[in-house]
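> So here's protein.cif, just mmCIF, C-alpha atoms:
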data_model
#
loop_
_atom_site.label_atom_id
_atom_site.label_comp_id
_atom_site.auth_asym_id
_atom_site.auth_seq_id
_atom_site.Cartn_x
_atom_site.Cartn_y
_atom_site.Cartn_z
CA MET A 1 65.87 85.65 93.23
CA LYS A 2 65.65 89.37 93.78
CA HIS A 3 68.87 90.39 95.42
CA ASN A 4 69.06 93.20 97.96
CA ILE A 5 72.59 94.41 97.59
CA ASP A 6 74.53 94.80 100.83
CA PRO A 7 77.38 97.25 100.14
CA LYS A 8 79.47 95.80 102.97
CA LEU A 9 79.31 92.26 101.60
CA ASP A 10 78.60 92.51 97.87
CA LEU A 11 80.44 93.85 94.83
CA VAL A 12 78.48 95.07 91.84
CA LEU A 13 79.23 95.85 88.21
CA GLU A 14 76.53 97.71 86.30
CA ARG A 15 76.63 98.40 82.58
CA HIS A 16 74.38 99.22 79.67
CA THR A 17 74.89 97.73 76.23
CA ASP A 18 73.05 97.76 72.90
CA VAL A 19 73.59 93.99 72.72
CA SER A 20 70.34 92.12 73.41
CA PRO A 21 69.69 90.05 76.56
CA ALA A 22 69.42 86.93 74.35
CA LEU A 23 72.95 87.42 72.96
CA VAL A 24 74.47 88.21 76.35
CA TRP A 25 72.79 85.06 77.64
CA LYS A 26 74.33 82.98 74.84
CA ALA A 27 77.78 84.42 75.51
CA TRP A 28 77.47 83.45 79.18
CA THR A 29 76.04 79.96 78.79
CA LYS A 30 77.78 78.15 75.92
CA PRO A 31 81.21 76.83 76.93
CA GLU A 32 82.72 77.52 73.50
CA HIS A 33 81.62 81.17 73.83
CA VAL A 34 82.64 81.59 77.47
CA ALA A 35 86.11 80.33 76.53
CA GLN A 36 86.49 83.31 74.19
CA TRP A 37 86.07 86.09 76.73
CA PHE A 38 85.84 84.95 80.37
CA ALA A 39 89.58 85.09 81.17
CA PRO A 40 90.99 88.64 81.35
CA ARG A 41 93.69 88.92 78.67
CA PRO A 42 96.55 88.02 78.62
CA TRP A 43 95.11 85.15 80.67
CA THR A 44 93.41 82.45 78.62
CA THR A 45 90.88 79.67 79.02
CA ALA A 46 92.31 76.19 79.38
CA GLU A 47 88.95 74.47 79.92
CA CYS A 48 85.27 75.28 80.31
CA GLU A 49 82.43 72.89 81.10
CA ILE A 50 78.82 73.91 81.55
CA ASP A 51 75.87 71.80 82.64
CA LEU A 52 73.21 74.48 82.47
CA ARG A 53 70.64 73.57 85.11
CA PRO A 54 70.24 74.12 88.84
CA GLY A 55 72.70 71.75 90.50
CA GLY A 56 74.77 71.48 87.30
CA GLN A 57 78.46 72.15 86.94
CA PHE A 58 80.14 75.41 85.98
CA LYS A 59 83.81 74.57 85.60
CA PHE A 60 86.35 77.05 84.35
CA VAL A 61 90.12 76.66 84.25
CA MET A 62 92.18 79.80 83.60
CA ARG A 63 95.76 79.79 82.38
CA SER A 64 98.09 82.55 83.50
CA PRO A 65 100.59 84.07 81.03
CA GLU A 66 103.22 81.91 82.78
CA GLY A 67 101.18 78.80 82.00
CA GLN A 68 99.91 78.08 85.48
CA LEU A 69 96.37 76.65 85.71
CA TYR A 70 93.70 78.01 88.06
CA PRO A 71 90.63 75.78 88.22
CA ASN A 72 87.25 76.96 89.51
CA ILE A 73 84.41 74.53 90.01
CA GLY A 74 80.97 75.81 90.90
CA CYS A 75 77.34 74.88 90.76
CA TYR A 76 74.48 76.66 89.01
CA LEU A 77 71.63 77.73 91.28
CA GLU A 78 69.21 79.62 89.01
CA VAL A 79 69.01 79.41 85.24
CA VAL A 80 66.34 81.72 83.78
CA PRO A 81 67.13 82.20 80.07
CA ASN A 82 67.82 85.79 79.01
CA GLU A 83 67.18 87.04 82.54
CA ARG A 84 69.10 85.55 85.40
CA LEU A 85 72.07 83.27 85.92
CA VAL A 86 73.19 82.45 89.46
CA TRP A 87 76.01 80.12 90.47
CA THR A 88 78.21 79.58 93.52
CA ASP A 89 81.57 78.09 94.43
CA ALA A 90 80.20 77.33 97.92
CA LEU A 91 78.68 74.21 96.36
CA LEU A 92 80.08 71.64 93.98
CA PRO A 93 77.86 70.13 91.28
CA GLY A 94 74.96 68.22 92.87
CA TYR A 95 74.88 70.87 95.64
CA ARG A 96 77.68 69.24 97.65
CA PRO A 97 79.27 71.79 100.07
CA SER A 98 82.67 72.78 98.67
CA PRO A 99 86.04 72.90 100.42
CA GLU A 100 86.79 76.54 99.55
CA PRO A 101 83.70 78.73 99.38
CA PHE A 102 84.39 82.27 98.22
CA PHE A 103 81.40 83.83 96.49
CA THR A 104 78.07 83.45 94.75
CA GLY A 105 77.79 85.16 91.38
CA ALA A 106 74.64 86.56 89.79
CA VAL A 107 74.23 88.03 86.32
CA LEU A 108 70.93 89.87 85.88
CA LEU A 109 69.78 90.94 82.42
CA GLU A 110 66.99 93.40 81.83
CA SER A 111 65.75 94.60 78.47
CA ASP A 112 66.18 98.36 78.06
CA GLY A 113 63.08 98.44 75.83
CA LYS A 114 65.17 99.39 72.79
CA GLY A 115 66.83 96.07 72.01
CA GLY A 116 69.70 96.50 74.47
CA THR A 117 70.43 95.28 77.97
CA ASN A 118 70.77 96.71 81.43
CA TYR A 119 73.44 94.41 82.82
CA THR A 120 74.13 93.79 86.50
CA ALA A 121 76.76 91.38 87.80
CA ILE A 122 76.96 90.77 91.54
CA ALA A 123 79.50 88.96 93.68
CA ILE A 124 77.95 87.91 97.01
CA HIS A 125 80.43 87.20 99.80
CA ARG A 126 80.17 85.54 103.17
CA ASP A 127 81.62 88.45 105.11
CA GLU A 128 83.32 91.82 104.84
CA GLU A 129 86.71 90.14 104.69
CA GLY A 130 85.67 88.19 101.59
CA ARG A 131 84.35 91.32 99.90
CA LYS A 132 87.56 93.24 100.68
CA LYS A 133 89.74 90.41 99.45
CA HIS A 134 87.83 90.23 96.16
CA GLU A 135 88.08 94.00 95.77
CA ALA A 136 91.83 93.88 96.40
CA MET A 137 92.17 91.07 93.83
CA GLY A 138 90.87 93.59 91.31
CA PHE A 139 87.16 92.82 91.09
CA HIS A 140 86.16 96.07 89.38
CA GLU A 141 88.98 96.07 86.82
CA GLY A 142 88.75 92.33 86.17
CA TRP A 143 84.98 92.00 85.86
CA GLY A 144 84.93 95.28 83.89
CA GLN A 145 87.58 93.98 81.49
CA VAL A 146 85.87 90.65 80.85
CA TYR A 147 82.55 92.44 80.41
CA ASP A 148 84.20 94.52 77.66
CA GLN A 149 85.68 91.34 76.15
CA MET A 150 82.25 89.71 76.23
CA ILE A 151 80.56 92.62 74.43
CA GLU A 152 83.37 92.76 71.85
CA PHE A 153 82.98 89.00 71.32
CA THR A 154 79.20 89.15 70.78
CA LYS A 155 79.62 91.95 68.21
CA LYS A 156 82.53 90.37 66.38
CA THR A 157 81.11 86.88 66.03
CA LYS A 158 77.43 87.72 65.41
CA LEU A 159 76.16 84.95 67.71
CA MET B 1 68.33 67.21 90.58
CA LYS B 2 68.94 63.52 90.30
CA HIS B 3 71.39 62.63 93.01
CA ASN B 4 73.96 59.88 92.59
CA ILE B 5 74.57 58.78 96.14
CA ASP B 6 78.21 58.53 97.18
CA PRO B 7 78.34 56.15 100.17
CA LYS B 8 81.57 57.72 101.42
CA LEU B 9 80.10 61.23 101.53
CA ASP B 10 76.33 60.87 101.81
CA LEU B 11 73.92 59.52 104.41
CA VAL B 12 70.56 58.18 103.32
CA LEU B 13 67.27 57.34 105.02
CA GLU B 14 64.77 55.34 102.95
CA ARG B 15 61.22 54.57 104.02
CA HIS B 16 57.87 53.62 102.62
CA THR B 17 54.63 55.04 103.98
CA ASP B 18 50.93 54.87 103.08
CA VAL B 19 50.79 58.68 103.55
CA SER B 20 50.55 60.45 100.18
CA PRO B 21 53.37 62.57 98.69
CA ALA B 22 51.07 65.63 98.94
CA LEU B 23 50.64 65.22 102.72
CA VAL B 24 54.33 64.55 103.32
CA TRP B 25 55.07 67.69 101.28
CA LYS B 26 52.69 69.75 103.46
CA ALA B 27 54.28 68.43 106.65
CA TRP B 28 57.73 69.47 105.37
CA THR B 29 56.88 72.91 104.01
CA LYS B 30 54.49 74.70 106.39
CA PRO B 31 56.31 76.15 109.41
CA GLU B 32 53.41 75.42 111.78
CA HIS B 33 53.56 71.76 110.72
CA VAL B 34 57.36 71.46 110.76
CA ALA B 35 57.31 72.80 114.32
CA GLN B 36 55.22 69.78 115.37
CA TRP B 37 57.65 67.04 114.37
CA PHE B 38 61.09 68.26 113.17
CA ALA B 39 62.82 68.24 116.59
CA PRO B 40 63.46 64.75 117.97
CA ARG B 41 61.59 64.52 121.30
CA PRO B 42 62.23 65.49 124.06
CA TRP B 43 63.77 68.37 122.07
CA THR B 44 61.26 70.96 120.90
CA THR B 45 60.92 73.68 118.27
CA ALA B 46 61.54 77.21 119.47
CA GLU B 47 61.13 78.83 116.04
CA CYS B 48 60.59 77.89 112.41
CA GLU B 49 60.55 80.22 109.39
CA ILE B 50 60.08 79.10 105.83
CA ASP B 51 60.31 81.15 102.64
CA LEU B 52 59.52 78.38 100.18
CA ARG B 53 61.39 79.27 96.98
CA PRO B 54 64.91 78.79 95.65
CA GLY B 55 67.08 81.27 97.54
CA GLY B 56 64.51 81.54 100.35
CA GLN B 57 65.15 80.97 104.03
CA PHE B 58 64.75 77.74 105.98
CA LYS B 59 65.29 78.69 109.61
CA PHE B 60 64.83 76.26 112.45
CA VAL B 61 65.69 76.77 116.10
CA MET B 62 65.68 73.68 118.33
CA ARG B 63 65.43 73.79 122.11
CA SER B 64 67.19 71.13 124.15
CA PRO B 65 65.50 69.63 127.22
CA GLU B 66 67.79 71.91 129.30
CA GLY B 67 66.43 74.95 127.45
CA GLN B 68 69.45 75.69 125.28
CA LEU B 69 68.71 77.00 121.78
CA TYR B 70 70.32 75.60 118.61
CA PRO B 71 69.63 77.75 115.54
CA ASN B 72 70.04 76.49 111.98
CA ILE B 73 69.72 78.85 109.04
CA GLY B 74 69.73 77.48 105.53
CA CYS B 75 68.63 78.29 102.03
CA TYR B 76 66.24 76.38 99.76
CA LEU B 77 67.72 75.28 96.44
CA GLU B 78 64.95 73.27 94.74
CA VAL B 79 61.26 73.38 95.52
CA VAL B 80 59.23 70.96 93.39
CA PRO B 81 55.86 70.41 95.13
CA ASN B 82 55.12 66.82 96.16
CA GLU B 83 58.40 65.64 94.63
CA ARG B 84 61.63 67.24 95.72
CA LEU B 85 62.82 69.64 98.40
CA VAL B 86 66.51 70.57 98.54
CA TRP B 87 68.15 73.00 100.94
CA THR B 88 71.65 73.68 102.27
CA ASP B 89 73.35 75.29 105.23
CA ALA B 90 76.35 76.09 103.00
CA LEU B 91 74.36 79.13 101.85
CA LEU B 92 72.34 81.68 103.77
CA PRO B 93 69.11 83.08 102.29
CA GLY B 94 69.84 84.91 99.03
CA TYR B 95 72.59 82.34 98.29
CA ARG B 96 75.20 84.08 100.44
CA PRO B 97 78.01 81.65 101.41
CA SER B 98 77.58 80.75 105.07
CA PRO B 99 80.14 80.77 107.88
CA GLU B 100 79.60 77.13 108.91
CA PRO B 101 78.70 74.85 106.01
CA PHE B 102 77.87 71.31 107.07
CA PHE B 103 75.48 69.61 104.68
CA THR B 104 72.92 69.84 101.90
CA GLY B 105 69.65 68.04 102.54
CA ALA B 106 67.33 66.52 99.96
CA VAL B 107 63.92 64.95 100.48
CA LEU B 108 62.69 63.01 97.48
CA LEU B 109 59.08 61.81 97.28
CA GLU B 110 57.85 59.25 94.81
CA SER B 111 54.32 57.94 94.51
CA ASP B 112 54.14 54.18 95.13
CA GLY B 113 51.19 53.95 92.72
CA LYS B 114 48.82 52.99 95.55
CA GLY B 115 48.42 56.35 97.27
CA GLY B 116 51.53 56.06 99.40
CA THR B 117 55.07 57.39 99.17
CA ASN B 118 58.54 56.05 98.64
CA TYR B 119 60.51 58.48 100.79
CA THR B 120 64.23 59.18 100.49
CA ALA B 121 66.09 61.72 102.64
CA ILE B 122 69.74 62.41 101.85
CA ALA B 123 72.42 64.36 103.70
CA ILE B 124 75.21 65.43 101.31
CA HIS B 125 78.52 66.29 102.95
CA ARG B 126 81.67 68.00 101.79
CA ASP B 127 83.99 65.18 102.77
CA GLU B 128 84.26 61.87 104.57
CA GLU B 129 84.94 63.63 107.85
CA GLY B 130 81.63 65.50 107.59
CA ARG B 131 79.74 62.28 106.83
CA LYS B 132 81.38 60.47 109.77
CA LYS B 133 80.67 63.35 112.14
CA HIS B 134 77.00 63.40 111.14
CA GLU B 135 76.81 59.63 111.56
CA ALA B 136 78.38 59.87 115.02
CA MET B 137 75.90 62.64 115.92
CA GLY B 138 73.21 60.00 115.41
CA PHE B 139 72.00 60.67 111.87
CA HIS B 140 70.19 57.35 111.41
CA GLU B 141 68.46 57.37 114.80
CA GLY B 142 67.66 61.11 114.64
CA TRP B 143 66.37 61.30 111.09
CA GLY B 144 64.55 57.99 111.62
CA GLN B 145 62.89 59.31 114.78
CA VAL B 146 61.72 62.57 113.23
CA TYR B 147 60.48 60.67 110.17
CA ASP B 148 58.31 58.59 112.51
CA GLN B 149 57.14 61.76 114.27
CA MET B 150 56.29 63.30 110.88
CA ILE B 151 54.20 60.30 109.80
CA GLU B 152 52.45 60.19 113.19
CA PHE B 153 51.71 63.92 112.87
CA THR B 154 50.21 63.64 109.36
CA LYS B 155 47.94 60.80 110.49
CA LYS B 156 46.88 62.42 113.76
CA THR B 157 46.06 65.85 112.37
CA LYS B 158 44.52 64.88 109.01
CA LEU B 159 46.35 67.66 107.12
#
Could you take the file, read its structure, and then write that structure out as structure tokens?


Amino acid sequence: MKHNIDPKLDLVLERHTDVSPALVWKAWTKPEHVAQWFAPRPWTTAECEIDLRPGGQFKFVMRSPEGQLYPNIGCYLEVVPNERLVWTDALLPGYRPSPEPFFTGAVLLESDGKGGTNYTAIAIHRDEEGRKKHEAMGFHEGWGQVYDQMIEFTKKTKL
Amino acid sequence: MKHNIDPKLDLVLERHTDVSPALVWKAWTKPEHVAQWFAPRPWTTAECEIDLRPGGQFKFVMRSPEGQLYPNIGCYLEVVPNERLVWTDALLPGYRPSPEPFFTGAVLLESDGKGGTNYTAIAIHRDEEGRKKHEAMGFHEGWGQVYDQMIEFTKKTKL
């Protein structure tokens, strides 16, 4: 998938890091790694399950500081190691249409030619209302914070 | 994708034909072929567009005998030549969540070892209500009829 970003409907986070595409890929695709960084602190990860193939499950349960659980269940669409990970909550595992579709997520990794990564994360919404809602929920701060947590994690743990 | 059929949520059409998987695949994936058989007569095809790759468009506009147009726009999910074609109307092309999700469709082709095909078509719904609605719309008659039209077409035109 090459994605043509529609600024009315999509939200985008772009970053550059000296961490390699292979390490970013690992951080994103192993449940024990994802659990370390995917919830924006002080939120935490209660549960993470990954079945890394098109049609497979991406389940993530976040715990708020008050202890409330927020489950998300999605389905992977494209799995291209070290390059492209696409999933959606519009489908459940096995591609079954879901009761509460909100967005499709894409993480695109490109080598910068010097060992690092040009990193693009995209949230693809159904309509302008969905994009605005996600923005108001704090998309830029939230996705920016967990990106920072992810980079910190890859450096600290030497994946 | 291996699909575990859920009889409460899924509808299934199973057939055997002496037409080869390769010919059935052609009939399903070239817009000029699809246009010849995909609308149950006396309905006709007003338009068909196919971008045959995961994330690509499957657009089909049917014309009723009274001349009314019924557009369907979906997105391919899995494209495995001569074996497996999966698409959904829960996503628009580029995996954007759609305004009116109804079902995911899967066509599975298996060689019968004698040149023919064991053919399975599955409609995967969100909930029991969706499955019942599709059944009441005439799933078995409709998908059965267009299957027959497809086989007739492949034999008549020697793809």

> Would you mind telling me which residue in B:Leu23, B:Ile5, B:Ile151, B:Ala46 lies nearest to chain A when using only C-alpha atoms?

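For chain A, the nearest of the given residues is B:Ile5.
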
> Please evaluate the PyMOL selection byres ((chain B) within 7 of (chain A)) against the structure above and give the resulting residues as a ChimeraX atom specification.

/B:1,3,55,77,90,94-99,101,103-104,124-126

> Assuming the chain letters and numbering stay as they are in my file, what does the PyMOL selection byres ((chain B and resi 65) around 10) actually select? List them as number ranges by chain.

B: 41-44, 62-64, 66-69

> With C-alpha atoms kept, could you save the residues just selected as a PDB file, in the frame of the given file?


ATOM      1  CA  ARG B  41      61.590  64.520 121.300  1.00  0.00           C
ATOM      2  CA  PRO B  42      62.230  65.490 124.060  1.00  0.00           C
ATOM      3  CA  TRP B  43      63.770  68.370 122.070  1.00  0.00           C
ATOM      4  CA  THR B  44      61.260  70.960 120.900  1.00  0.00           C
ATOM      5  CA  MET B  62      65.680  73.680 118.330  1.00  0.00           C
ATOM      6  CA  ARG B  63      65.430  73.790 122.110  1.00  0.00           C
ATOM      7  CA  SER B  64      67.190  71.130 124.150  1.00  0.00           C
ATOM      8  CA  GLU B  66      67.790  71.910 129.300  1.00  0.00           C
ATOM      9  CA  GLY B  67      66.430  74.950 127.450  1.00  0.00           C
ATOM     10  CA  GLN B  68      69.450  75.690 125.280  1.00  0.00           C
ATOM     11  CA  LEU B  69      68.710  77.000 121.780  1.00  0.00           C
TER      12      LEU B  69
END

> Show which residues sit within 8 Å of Ile50 (chain B), as a PDB file with C-alpha atoms, in the frame of the given file. Count only C-alpha atoms, and ignore same-chain residues fewer than 3 positions away.


ATOM      1  CA  THR B  29      56.880  72.910 104.010  1.00  0.00           C
ATOM      2  CA  LYS B  30      54.490  74.700 106.390  1.00  0.00           C
ATOM      3  CA  PRO B  31      56.310  76.150 109.410  1.00  0.00           C
ATOM      4  CA  GLY B  56      64.510  81.540 100.350  1.00  0.00           C
ATOM      5  CA  GLN B  57      65.150  80.970 104.030  1.00  0.00           C
ATOM      6  CA  PHE B  58      64.750  77.740 105.980  1.00  0.00           C
ATOM      7  CA  LYS B  59      65.290  78.690 109.610  1.00  0.00           C
TER       8      LYS B  59
END

> Please write the residues picked by the PyMOL selection byres ((chain A and resi 107-117) around 7) on this file as a list in words.

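Answer for the PyMOL selection byres ((chain A and resi 107-117) around 7): His16, Thr17, Asp18, Val19, Ser20, Pro21, Asn82, Glu83, Arg84, Leu85, Val86, Gly105, Ala106, Asn118, Tyr119, Thr120, Ala121 and Ile122 of chain A.
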
> Between CA of Ala35 (chain A) and CA of Val61 (chain A), what is the distance in Å, rounded to a tenth?

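These two atoms are separated by 9.4 Å.
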
> CA of Leu11 (chain A) to CA of Phe38 (chain A): how many Å, to one decimal?

17.8 Å

> Could you work out how far CA of Val24 (chain B) lies from CA of Cys48 (chain B), giving the answer in Å with one decimal?

17.3 Å

> Write out as a list in words the residues lying within 12 Å of Glu152 (chain B), counting only C-alpha atoms and excluding same-chain residues fewer than 3 positions away.

Thr17, Asp18, Val19, Leu23, Val24, Ala27, His33, Gln36, Trp37, Phe38, Gln145, Val146, Tyr147, Asp148, Gln149, Lys155, Lys156, Thr157, Lys158 and Leu159 of chain B

> Find the residue from A:Lys133, A:Glu128, A:Pro81, A:Ala39 that sits nearest to Lys26 (chain A); use all atoms listed in the file when measuring.

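Checking each candidate against Lys26 (chain A), we get A:Pro81 as the closest.
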